>>> print(open('target-v4.pdb').read())   # PDB, C-alpha atoms
ATOM      1  CA  MET S   7      11.744  65.131 -69.287  1.00  0.00           C
ATOM      2  CA  SER S   8      12.825  67.823 -66.826  1.00  0.00           C
ATOM      3  CA  ALA S   9      14.460  66.885 -63.535  1.00  0.00           C
ATOM      4  CA  ALA S  10      12.247  66.735 -60.454  1.00  0.00           C
ATOM      5  CA  LEU S  11      12.626  69.683 -58.074  1.00  0.00           C
ATOM      6  CA  ILE S  12      12.710  68.918 -54.354  1.00  0.00           C
ATOM      7  CA  TRP S  13      12.973  71.657 -51.734  1.00  0.00           C
ATOM      8  CA  LEU S  14      15.443  71.273 -48.875  1.00  0.00           C
ATOM      9  CA  ALA S  15      13.609  73.409 -46.363  1.00  0.00           C
ATOM     10  CA  SER S  16      14.307  74.497 -42.808  1.00  0.00           C
ATOM     11  CA  TYR S  17      14.335  77.395 -40.427  1.00  0.00           C
ATOM     12  CA  PRO S  18      17.879  78.879 -40.429  1.00  0.00           C
ATOM     13  CA  ARG S  19      20.496  77.039 -38.364  1.00  0.00           C
ATOM     14  CA  SER S  20      18.456  73.856 -38.260  1.00  0.00           C
ATOM     15  CA  GLY S  21      20.810  71.569 -40.175  1.00  0.00           C
ATOM     16  CA  ASN S  22      20.127  72.377 -43.823  1.00  0.00           C
ATOM     17  CA  THR S  23      23.799  72.433 -44.797  1.00  0.00           C
ATOM     18  CA  PHE S  24      24.334  69.236 -42.821  1.00  0.00           C
ATOM     19  CA  LEU S  25      21.505  67.602 -44.806  1.00  0.00           C
ATOM     20  CA  ARG S  26      23.113  68.772 -48.039  1.00  0.00           C
ATOM     21  CA  THR S  27      26.404  67.265 -46.884  1.00  0.00           C
ATOM     22  CA  VAL S  28      24.650  63.957 -46.183  1.00  0.00           C
ATOM     23  CA  LEU S  29      23.086  64.024 -49.651  1.00  0.00           C
ATOM     24  CA  ARG S  30      26.490  64.582 -51.198  1.00  0.00           C
ATOM     25  CA  GLN S  31      28.543  62.201 -49.079  1.00  0.00           C
ATOM     26  CA  CYS S  32      26.015  59.369 -48.803  1.00  0.00           C
ATOM     27  CA  PHE S  33      24.164  59.638 -52.124  1.00  0.00           C
ATOM     28  CA  GLY S  34      26.556  61.498 -54.417  1.00  0.00           C
ATOM     29  CA  LEU S  35      23.902  64.155 -55.022  1.00  0.00           C
ATOM     30  CA  ARG S  36      24.685  67.822 -55.511  1.00  0.00           C
ATOM     31  CA  SER S  37      22.358  70.591 -54.378  1.00  0.00           C
ATOM     32  CA  ALA S  38      21.832  74.322 -54.752  1.00  0.00           C
ATOM     33  CA  SER S  39      20.251  77.178 -52.835  1.00  0.00           C
ATOM     34  CA  ILE S  40      17.773  79.907 -53.645  1.00  0.00           C
ATOM     35  CA  TYR S  41      20.351  82.298 -52.151  1.00  0.00           C
ATOM     36  CA  ARG S  42      23.343  83.504 -54.142  1.00  0.00           C
ATOM     37  CA  ASP S  43      26.757  82.894 -52.545  1.00  0.00           C
ATOM     38  CA  ASP S  44      24.980  80.817 -49.926  1.00  0.00           C
ATOM     39  CA  LEU S  45      28.193  79.153 -48.755  1.00  0.00           C
ATOM     40  CA  MET S  46      30.290  82.287 -49.331  1.00  0.00           C
ATOM     41  CA  ARG S  47      32.168  80.563 -52.184  1.00  0.00           C
ATOM     42  CA  LEU S  48      34.296  78.687 -49.663  1.00  0.00           C
ATOM     43  CA  PRO S  49      35.662  75.732 -51.642  1.00  0.00           C
ATOM     44  CA  VAL S  50      35.900  73.297 -48.719  1.00  0.00           C
ATOM     45  CA  ILE S  51      32.317  73.562 -47.507  1.00  0.00           C
ATOM     46  CA  GLU S  52      31.003  73.880 -51.067  1.00  0.00           C
ATOM     47  CA  GLY S  53      32.787  70.642 -51.878  1.00  0.00           C
ATOM     48  CA  LEU S  54      31.495  68.842 -48.796  1.00  0.00           C
ATOM     49  CA  ALA S  55      27.916  69.896 -49.506  1.00  0.00           C
ATOM     50  CA  GLY S  56      28.142  69.442 -53.270  1.00  0.00           C
ATOM     51  CA  HIS S  57      27.054  73.048 -53.734  1.00  0.00           C
ATOM     52  CA  ILE S  58      25.930  74.357 -57.122  1.00  0.00           C
ATOM     53  CA  GLU S  59      26.281  78.141 -57.384  1.00  0.00           C
ATOM     54  CA  HIS S  60      24.095  80.415 -59.506  1.00  0.00           C
ATOM     55  CA  GLY S  61      25.474  81.189 -62.938  1.00  0.00           C
ATOM     56  CA  PRO S  62      25.866  84.759 -64.260  1.00  0.00           C
ATOM     57  CA  ASP S  63      22.328  84.533 -65.644  1.00  0.00           C
ATOM     58  CA  GLY S  64      20.966  83.334 -62.315  1.00  0.00           C
ATOM     59  CA  ARG S  65      20.389  79.782 -63.467  1.00  0.00           C
ATOM     60  CA  LEU S  66      21.327  76.636 -61.565  1.00  0.00           C
ATOM     61  CA  ASP S  67      23.020  73.960 -63.656  1.00  0.00           C
ATOM     62  CA  PHE S  68      22.343  70.471 -62.344  1.00  0.00           C
ATOM     63  CA  ALA S  69      23.754  68.950 -65.532  1.00  0.00           C
ATOM     64  CA  ASP S  70      22.308  65.441 -65.929  1.00  0.00           C
ATOM     65  CA  GLN S  71      21.393  64.933 -62.249  1.00  0.00           C
ATOM     66  CA  PRO S  72      17.800  63.632 -62.179  1.00  0.00           C
ATOM     67  CA  LEU S  73      16.892  65.559 -59.009  1.00  0.00           C
ATOM     68  CA  GLN S  74      17.075  69.312 -58.512  1.00  0.00           C
ATOM     69  CA  LEU S  75      17.644  69.671 -54.776  1.00  0.00           C
ATOM     70  CA  ILE S  76      17.341  73.305 -53.695  1.00  0.00           C
ATOM     71  CA  LYS S  77      17.777  74.770 -50.218  1.00  0.00           C
ATOM     72  CA  THR S  78      15.337  77.351 -48.893  1.00  0.00           C
ATOM     73  CA  HIS S  79      14.522  79.090 -45.623  1.00  0.00           C
ATOM     74  CA  ALA S  80      11.465  80.735 -47.186  1.00  0.00           C
ATOM     75  CA  PRO S  81       7.850  79.709 -46.556  1.00  0.00           C
ATOM     76  CA  PRO S  82       6.428  77.282 -49.125  1.00  0.00           C
ATOM     77  CA  PHE S  83       5.064  78.860 -52.273  1.00  0.00           C
ATOM     78  CA  ASP S  84       4.217  75.744 -54.278  1.00  0.00           C
ATOM     79  CA  GLY S  85       3.294  72.128 -53.705  1.00  0.00           C
ATOM     80  CA  ARG S  86       6.528  70.542 -54.861  1.00  0.00           C
ATOM     81  CA  PRO S  87       8.052  67.743 -52.754  1.00  0.00           C
ATOM     82  CA  ALA S  88      10.273  68.754 -49.851  1.00  0.00           C
ATOM     83  CA  ILE S  89      12.609  67.431 -47.210  1.00  0.00           C
ATOM     84  CA  TYR S  90      12.064  69.513 -44.088  1.00  0.00           C
ATOM     85  CA  VAL S  91      14.733  69.604 -41.374  1.00  0.00           C
ATOM     86  CA  LEU S  92      13.320  70.368 -37.930  1.00  0.00           C
ATOM     87  CA  ARG S  93      15.475  71.412 -34.984  1.00  0.00           C
ATOM     88  CA  ASP S  94      14.546  72.346 -31.428  1.00  0.00           C
ATOM     89  CA  GLY S  95      13.573  76.006 -31.802  1.00  0.00           C
ATOM     90  CA  ARG S  96      15.565  77.061 -28.754  1.00  0.00           C
ATOM     91  CA  ASP S  97      18.779  75.742 -30.278  1.00  0.00           C
ATOM     92  CA  ALA S  98      17.991  77.134 -33.716  1.00  0.00           C
ATOM     93  CA  ALA S  99      17.265  80.618 -32.316  1.00  0.00           C
ATOM     94  CA  ILE S 100      20.423  80.920 -30.237  1.00  0.00           C
ATOM     95  CA  SER S 101      22.520  79.446 -33.050  1.00  0.00           C
ATOM     96  CA  LEU S 102      21.092  81.976 -35.520  1.00  0.00           C
ATOM     97  CA  TYR S 103      21.810  84.794 -33.064  1.00  0.00           C
ATOM     98  CA  HIS S 104      25.486  83.856 -32.881  1.00  0.00           C
ATOM     99  CA  PHE S 105      25.720  82.994 -36.591  1.00  0.00           C
ATOM    100  CA  MET S 106      24.581  86.549 -37.360  1.00  0.00           C
ATOM    101  CA  HIS S 107      27.429  87.736 -35.106  1.00  0.00           C
ATOM    102  CA  GLU S 108      24.847  89.241 -32.755  1.00  0.00           C
ATOM    103  CA  ARG S 109      23.967  91.953 -35.283  1.00  0.00           C
ATOM    104  CA  ARG S 110      20.287  91.433 -34.474  1.00  0.00           C
ATOM    105  CA  ALA S 111      18.870  91.468 -30.980  1.00  0.00           C
ATOM    106  CA  LEU S 112      18.085  88.044 -29.579  1.00  0.00           C
ATOM    107  CA  GLU S 113      14.575  89.330 -28.844  1.00  0.00           C
ATOM    108  CA  ASP S 114      14.066  89.970 -32.588  1.00  0.00           C
ATOM    109  CA  ILE S 115      15.063  86.420 -33.478  1.00  0.00           C
ATOM    110  CA  VAL S 116      12.967  84.851 -30.713  1.00  0.00           C
ATOM    111  CA  THR S 117       9.849  86.833 -31.673  1.00  0.00           C
ATOM    112  CA  GLY S 118      10.370  86.548 -35.433  1.00  0.00           C
ATOM    113  CA  SER S 119      11.175  90.192 -36.127  1.00  0.00           C
ATOM    114  CA  THR S 120      13.635  89.235 -38.875  1.00  0.00           C
ATOM    115  CA  GLN S 121      13.279  88.296 -42.538  1.00  0.00           C
ATOM    116  CA  PHE S 122      12.818  84.660 -41.500  1.00  0.00           C
ATOM    117  CA  GLY S 123       9.920  85.138 -39.085  1.00  0.00           C
ATOM    118  CA  SER S 124       9.670  83.124 -35.892  1.00  0.00           C
ATOM    119  CA  TRP S 125      10.506  79.450 -35.559  1.00  0.00           C
ATOM    120  CA  ALA S 126       6.823  78.719 -34.990  1.00  0.00           C
ATOM    121  CA  ASP S 127       5.784  80.736 -38.059  1.00  0.00           C
ATOM    122  CA  HIS S 128       8.170  78.732 -40.228  1.00  0.00           C
ATOM    123  CA  VAL S 129       7.229  75.301 -38.932  1.00  0.00           C
ATOM    124  CA  THR S 130       3.523  76.101 -39.087  1.00  0.00           C
ATOM    125  CA  ALA S 131       3.823  77.388 -42.664  1.00  0.00           C
ATOM    126  CA  TRP S 132       5.505  74.189 -43.838  1.00  0.00           C
ATOM    127  CA  SER S 133       3.491  71.828 -41.579  1.00  0.00           C
ATOM    128  CA  PRO S 134       5.898  68.989 -42.439  1.00  0.00           C
ATOM    129  CA  THR S 135       3.813  66.262 -40.763  1.00  0.00           C
ATOM    130  CA  ALA S 136       0.716  67.162 -42.793  1.00  0.00           C
ATOM    131  CA  ARG S 137       2.110  68.557 -46.061  1.00  0.00           C
ATOM    132  CA  PRO S 138       1.876  66.054 -48.932  1.00  0.00           C
ATOM    133  CA  ASN S 139       5.106  64.627 -50.404  1.00  0.00           C
ATOM    134  CA  THR S 140       7.180  65.948 -47.511  1.00  0.00           C
ATOM    135  CA  LEU S 141       9.812  64.047 -45.552  1.00  0.00           C
ATOM    136  CA  LEU S 142      10.369  65.313 -42.008  1.00  0.00           C
ATOM    137  CA  LEU S 143      13.877  64.829 -40.630  1.00  0.00           C
ATOM    138  CA  ARG S 144      14.820  65.952 -37.148  1.00  0.00           C
ATOM    139  CA  TYR S 145      18.243  67.525 -36.735  1.00  0.00           C
ATOM    140  CA  GLU S 146      18.725  65.707 -33.459  1.00  0.00           C
ATOM    141  CA  GLU S 147      18.238  62.374 -35.239  1.00  0.00           C
ATOM    142  CA  LEU S 148      20.550  63.368 -38.098  1.00  0.00           C
ATOM    143  CA  VAL S 149      23.287  63.962 -35.552  1.00  0.00           C
ATOM    144  CA  CYS S 150      22.662  60.915 -33.349  1.00  0.00           C
ATOM    145  CA  ASP S 151      21.349  58.269 -35.783  1.00  0.00           C
ATOM    146  CA  LEU S 152      22.618  59.110 -39.255  1.00  0.00           C
ATOM    147  CA  GLY S 153      22.096  55.598 -40.601  1.00  0.00           C
ATOM    148  CA  CYS S 154      18.380  55.687 -39.826  1.00  0.00           C
ATOM    149  CA  CYS S 155      18.050  59.089 -41.526  1.00  0.00           C
ATOM    150  CA  VAL S 156      19.948  57.871 -44.577  1.00  0.00           C
ATOM    151  CA  ASP S 157      17.473  55.002 -44.873  1.00  0.00           C
ATOM    152  CA  LYS S 158      14.541  57.459 -44.656  1.00  0.00           C
ATOM    153  CA  ILE S 159      16.088  59.654 -47.347  1.00  0.00           C
ATOM    154  CA  ALA S 160      16.785  56.618 -49.541  1.00  0.00           C
ATOM    155  CA  ASP S 161      13.171  55.501 -49.284  1.00  0.00           C
ATOM    156  CA  TYR S 162      11.891  59.005 -49.985  1.00  0.00           C
ATOM    157  CA  LEU S 163      14.149  59.643 -52.983  1.00  0.00           C
ATOM    158  CA  LYS S 164      13.945  56.037 -54.231  1.00  0.00           C
ATOM    159  CA  ARG S 165      17.716  55.927 -54.412  1.00  0.00           C
ATOM    160  CA  THR S 166      20.290  53.521 -53.000  1.00  0.00           C
ATOM    161  CA  PRO S 167      22.895  55.216 -50.782  1.00  0.00           C
ATOM    162  CA  ASN S 168      26.546  54.617 -51.506  1.00  0.00           C
ATOM    163  CA  SER S 169      27.325  55.070 -47.813  1.00  0.00           C
ATOM    164  CA  ARG S 170      25.526  55.297 -44.478  1.00  0.00           C
ATOM    165  CA  THR S 171      28.367  57.035 -42.689  1.00  0.00           C
ATOM    166  CA  MET S 172      30.263  60.302 -42.958  1.00  0.00           C
ATOM    167  CA  PRO S 173      33.607  61.524 -41.635  1.00  0.00           C
ATOM    168  CA  PRO S 174      33.477  62.365 -37.895  1.00  0.00           C
ATOM    169  CA  ARG S 175      32.049  65.782 -37.055  1.00  0.00           C
ATOM    170  CA  ASP S 176      35.361  67.014 -35.629  1.00  0.00           C
ATOM    171  CA  GLU S 177      37.111  66.091 -38.865  1.00  0.00           C
ATOM    172  CA  LEU S 178      34.546  68.032 -40.889  1.00  0.00           C
ATOM    173  CA  ALA S 179      34.844  70.960 -38.468  1.00  0.00           C
ATOM    174  CA  LYS S 180      38.588  71.133 -39.054  1.00  0.00           C
ATOM    175  CA  LEU S 181      37.921  71.454 -42.771  1.00  0.00           C
ATOM    176  CA  ASP S 182      35.175  74.049 -42.337  1.00  0.00           C
ATOM    177  CA  GLY S 183      35.123  75.799 -38.951  1.00  0.00           C
ATOM    178  CA  HIS S 184      32.136  78.065 -39.705  1.00  0.00           C
ATOM    179  CA  TRP S 185      29.050  76.029 -40.627  1.00  0.00           C
ATOM    180  CA  ILE S 186      30.251  72.880 -38.871  1.00  0.00           C
ATOM    181  CA  ARG S 187      31.513  73.272 -35.311  1.00  0.00           C
ATOM    182  CA  PRO S 188      33.492  70.620 -33.425  1.00  0.00           C
ATOM    183  CA  GLU S 189      31.576  68.410 -31.016  1.00  0.00           C
ATOM    184  CA  SER S 190      33.595  69.822 -28.128  1.00  0.00           C
ATOM    185  CA  ALA S 191      32.823  73.472 -28.955  1.00  0.00           C
ATOM    186  CA  GLU S 192      31.104  75.478 -26.247  1.00  0.00           C
ATOM    187  CA  ARG S 193      27.442  75.978 -27.055  1.00  0.00           C
ATOM    188  CA  ALA S 194      25.305  78.798 -25.746  1.00  0.00           C
ATOM    189  CA  THR S 195      21.803  78.099 -24.466  1.00  0.00           C
ATOM    190  CA  LEU S 196      18.662  80.169 -24.473  1.00  0.00           C
ATOM    191  CA  ASP S 197      17.788  81.128 -20.910  1.00  0.00           C
ATOM    192  CA  GLY S 198      16.321  83.800 -18.671  1.00  0.00           C
ATOM    193  CA  PRO S 199      13.804  86.318 -20.037  1.00  0.00           C
ATOM    194  CA  ALA S 200      14.718  85.387 -23.627  1.00  0.00           C
ATOM    195  CA  LEU S 201      13.697  81.783 -22.966  1.00  0.00           C
ATOM    196  CA  ASP S 202      10.436  82.891 -21.353  1.00  0.00           C
ATOM    197  CA  ARG S 203       9.674  85.097 -24.351  1.00  0.00           C
ATOM    198  CA  PHE S 204      10.571  82.269 -26.727  1.00  0.00           C
ATOM    199  CA  TRP S 205       7.960  80.005 -25.111  1.00  0.00           C
ATOM    200  CA  GLU S 206       5.339  82.762 -25.267  1.00  0.00           C
ATOM    201  CA  VAL S 207       5.799  83.059 -29.027  1.00  0.00           C
ATOM    202  CA  ASN S 208       6.704  79.509 -30.007  1.00  0.00           C
ATOM    203  CA  GLY S 209       5.345  77.331 -27.215  1.00  0.00           C
ATOM    204  CA  ALA S 210       2.305  75.913 -29.007  1.00  0.00           C
ATOM    205  CA  ALA S 211       4.330  74.825 -32.030  1.00  0.00           C
ATOM    206  CA  MET S 212       7.127  73.453 -29.851  1.00  0.00           C
ATOM    207  CA  ARG S 213       4.688  71.268 -27.933  1.00  0.00           C
ATOM    208  CA  ALA S 214       2.963  70.184 -31.147  1.00  0.00           C
ATOM    209  CA  TYR S 215       6.281  68.792 -32.418  1.00  0.00           C
ATOM    210  CA  GLY S 216       7.226  67.117 -29.165  1.00  0.00           C
ATOM    211  CA  TYR S 217       9.647  69.651 -27.684  1.00  0.00           C
ATOM    212  CA  ARG S 218       9.108  70.278 -23.987  1.00  0.00           C
TER     213      ARG S 218
END
>>> encode(input="target-v4.pdb", output="structure tokens")
Amino acid sequence: MSAALIWLASYPRSGNTFLRTVLRQCFGLRSASIYRDDLMRLPVIEGLAGHIEHGPDGRLDFADQPLQLIKTHAPPFDGRPAIYVLRDGRDAAISLYHFMHERRALEDIVTGSTQFGSWADHVTAWSPTARPNTLLLRYEELVCDLGCCVDKIADYLKRTPNSRTMPPRDELAKLDGHWIRPESAERATLDGPALDRFWEVNGAAMRAYGYR
């Protein structure tokens, strides 16, 4: 019997790598990505997230793991089960802007003029509250109430966690420094005309998912 495939889906910079780290640290599960060199072959973060890299033939080797957990930022293209990580679109947009080292205009990210589309496009495509066999996790809850999220994941995957805690964020940040930032790090906010434009494009979806 082949292993079950479960998508780990999110808009970029919404906590996908953090979810993968939780799966590794709290459940002992490894995961992969549809993108080659997704974690830039950095051994520390690959180890924390339990990353499986593509082989020379493009295949992903999960060995005897019963679940194939695969990260994606793409829209859904099949009906397989998924864990969808949702983050406040304002925070995701500004984080993506800085993660891309400001190589794309903030306006492009806010309006969806990138390969990922807009935050609203992505959330609407996945419709995580209505899509069958889909677990919705909010990034804000992952950060503030990890134990509750671990219990939700355990129930969804029908697996018993080996831990409900992880090393402190600042400790992980010292090991990584790129995907995981220290709690004390200065964080930019979306404001001014960019914020107004964001609400024009994404407002309906933001309100639908409880962001005001």
>>> resolve_selection(input="target-v4.pdb", expression="the PyMOL selection byres ((chain S and resi 168-175) around 6)", output="VMD selection string")
chain S and resid 32 to 33 153 167 176 to 178
>>> write_last_selection(input="target-v4.pdb", atoms="C-alpha atoms", output="tab-separated table (two decimals), in the coordinates of the input")
chain	number	residue	atom	x	y	z
S	32	CYS	CA	26.02	59.37	-48.80
S	33	PHE	CA	24.16	59.64	-52.12
S	153	GLY	CA	22.10	55.60	-40.60
S	167	PRO	CA	22.90	55.22	-50.78
S	176	ASP	CA	35.36	67.01	-35.63
S	177	GLU	CA	37.11	66.09	-38.86
S	178	LEU	CA	34.55	68.03	-40.89
>>> residues_around(input="target-v4.pdb", residues="stretch 9-18 of chain S", least_positions_apart="6", cutoff="8 Å", atoms="only C-alpha atoms", output="JSON, numbers by chain")
{"S": [71, 72, 73, 74, 75, 76, 77, 78, 79, 80, 86, 87, 88, 89, 90, 91, 92, 98, 102, 122, 125, 128, 129]}
>>> resolve_selection(input="target-v4.pdb", expression="the PyMOL selection byres ((chain S and resi 67) around 12)", output="list in words")
Ala9, Arg36, Ser37, Ala38, Ser39, His57, Ile58, Glu59, His60, Gly61, Pro62, Asp63, Gly64, Arg65, Leu66, Phe68, Ala69, Asp70, Gln71, Pro72, Leu73, Gln74, Leu75 and Ile76 of chain S
>>> atom_distance(input="target-v4.pdb", atom1="atom CA of S:Leu201", atom2="atom CA of S:Asp114")
12.6 Å
>>> closest_residue(input="target-v4.pdb", among="S:Met46, S:Leu112, S:Ile51, S:Met106", to="S:Asp197", atoms="all atoms listed in the file")
S:Leu112
>>> atom_distance(input="target-v4.pdb", atom1="atom CA of S:Gly123", atom2="atom CA of S:His104")
16.8 Å
